[in-house]
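Below you'll find the structure, written out as structure tokens, and then a few comments.
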Amino acid sequence: MANNTNNTNVDLAYRRRKSAEEMKQHVISFALMIFLTIIAFIAVGSEQFSPWFVVPFILLLAVIQVILQLYYFMHMNHKGHEAPKMFLFSGILIAAVTVLCFTTIIWW
Amino acid sequence: MHAEEKLTAETFPAEPEKATLEGKNKFIGFWLFLGGETVLFASLFATYLALNKSNGTGPSSQDLFEIPLAFTMTMILLTSSLTSVYAMYHMKNFNFKKMQLWLGLTVLLGAAFLGLEIYEFKHYVHLGHTITGSAFGSAFYLLVGTHGAHVLFGLCWALTIMIRNANRGLDLYNAPKFYVFSLYWHFIDVVWVFIFTVVYLMGMVG
């Protein structure tokens, strides 16, 4: 798998550095998530903005945060995630239709 | 590679979770499960969105939700997502002890989150917000409660694999198990991001 050279120590050093770099990206995306969360709570808590602005705004922040979770924390940006993407995006498609349906035509 | 082979940091593969056929199958199967979970939570979110104004004579979402508690719970769960990333980082580096340590921290944060959620539900029941009280109550407890049940299940799962493998150490048999748990835990966090946005923040906006 990872044996690009016949020297396992070279491989190990390379891999250690690669995962350290990836960990740095994870810490940055964590900082972004915390930042987005705080913005969302401030937007609602300050009561300065109209619901017509705040609701789409915090939903957008949530979507960005979820993309960070999926692509960085759950490694969907790595190779070999074609099947996971298909499963998850199918799930999201059904989810979107369900929410649309329930909020527009059912129980009204 | 043989699943129970004793490995060293040098011989441990770069993607231990997918180095065996069993690991590959677990990986695919678990993502299929997460697709299904997305649909499960979508039905609960859709129900909540349709019924969140139908509070009848019970308290409304503006009467109930408060920023400090929702904010604390969110921060705890987000941080537990980072600690499980650290656990996977140490797993890839073949450092079993540190992986166990960070998984332990994840479990502690998850337990703190669950404790706050139990306190929250108890508090709401005192205020007259119950599962049978109104359509809003039913939809709220079903959605947030299903998420809480997932957290509880995740805690039991993490503790089980940690204790079961404590003396075994890390190999290609259990690496996929730890990896799949971390996927589950991040997914719980993904669902919570929508809960704190759709239920708590939108509930306070009105």
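Ordering of the structure tokens sets the chain letters (A, B, ...), residue numbers begin anew at 1 in every chain, and ligands are numbered from 1 in the order given.
All of the residues in chain A within 6 Å of chain B are Ala2, Thr8, Leu12, Val66, Met74, Pro84, Phe87, Leu88, Gly91, Ala95, Val99, Phe102 and Thr103 of chain A, where only C-alpha atoms were counted.
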request  = Can you pull out every residue within 9 Å of Phe57 of chain A, counting only C-alpha atoms, but drop anything in the same chain fewer than 4 positions away, and send it as a list of chain:residue names?
outcome  =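 Skipping anything fewer than 4 positions along the chain leaves A:Ala40, A:Ala43, A:Trp52, A:Phe53, A:Leu61, A:Ala62.
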Could you take the residues named above and write them with C-alpha atoms, as a PDB file, in the first residue's frame?
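So the final result, stored in part_28.pdb, reads:
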```pdb
ATOM      1  CA  ALA A  40     -24.805  32.201  14.215  1.00  0.00           C
ATOM      2  CA  ALA A  43     -26.839  36.873  14.813  1.00  0.00           C
ATOM      3  CA  TRP A  52     -36.120  37.248   6.911  1.00  0.00           C
ATOM      4  CA  PHE A  53     -32.386  37.826   7.008  1.00  0.00           C
ATOM      5  CA  LEU A  61     -23.618  28.950   8.105  1.00  0.00           C
ATOM      6  CA  ALA A  62     -24.879  25.486   9.124  1.00  0.00           C
TER       7      ALA A  62
END
```
task = Could you jot down the atom CA of His129 of chain B to atom CA of Gly148 of chain B separation for me, Å, one decimal place?
result = 17.4 Å
task = Rounded to one decimal place, report the atom CA of Trp157 of chain B-atom CA of Leu69 of chain B distance in Å.
result = 26.2 Å
inquiry  = When you look at segment 25-33 of chain A with a cut-off of 6 Å (counting only C-alpha atoms), what residues show up, excluding the ones that are within fewer than 3 positions of it in the same chain? I need them as a list in words.
reply    =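 The residues that qualify are Glu22, Leu36 and Gln65 of chain A.
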Write out the residues from the selection above, keeping C-alpha atoms, as a compact mmCIF listing (two decimals), in the first residue's frame.
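Writing the result to out31.txt gives the following:
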```txt
# COMPACT_ATOMS: atom_id res chain seq x y z
CA GLU A 22 -3.61 16.92 7.70
CA LEU A 36 -19.31 30.05 12.35
CA GLN A 65 -20.09 23.93 8.78
```
request  = Give me the residues within 6 Å of segment 162-173 of chain B as a PyMOL selection string, counting only C-alpha atoms and dropping any in the same chain fewer than 5 places off.
outcome  = chain B and resi 3-4+96
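Proximity to Cys156 of chain B at 12 Å, evaluated using only C-alpha atoms and with sequence-adjacent residues fewer than 5 positions away removed, yields Gly104, Thr106, Val107, Leu108, Gly110, Ala111, Ala149, His150, Val151, Ile161, Met162, Ile163, Arg164, Phe181 and Trp185 of chain B.
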task = Can you work out the spacing between atom CA of Ile76 of chain B and atom CA of Leu109 of chain B in Å, to one decimal?
result =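 Interatomic distance, atom CA of Ile76 of chain B to atom CA of Leu109 of chain B: 6.1 Å.
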query = Neighbours of segment 115-126 of chain B within 9 Å (only C-alpha atoms; same-chain residues fewer than 6 positions away dropped), as JSON, numbers by chain?
reply = {"B": [64, 69, 72, 73, 141, 144, 145, 148]}
inquiry  = What's around segment 97-102 of chain B at 6 Å? Count only C-alpha atoms, leave out sequence neighbours fewer than 3 positions away in its own chain, and write the answer as a list in words.
reply    =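 Neighbouring residues, sequence-local ones excluded: Thr83, Ala87, His90, Met91 and Leu105 of chain B.
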request  = Please report, as a PyMOL selection string, each residue of chain B to which DSSP assigns helix (DSSP H, G or I) when run on this structure's backbone.
outcome  = chain B and resi 16-18+21-51+61-64+67-92+96-126+135-164+175-205
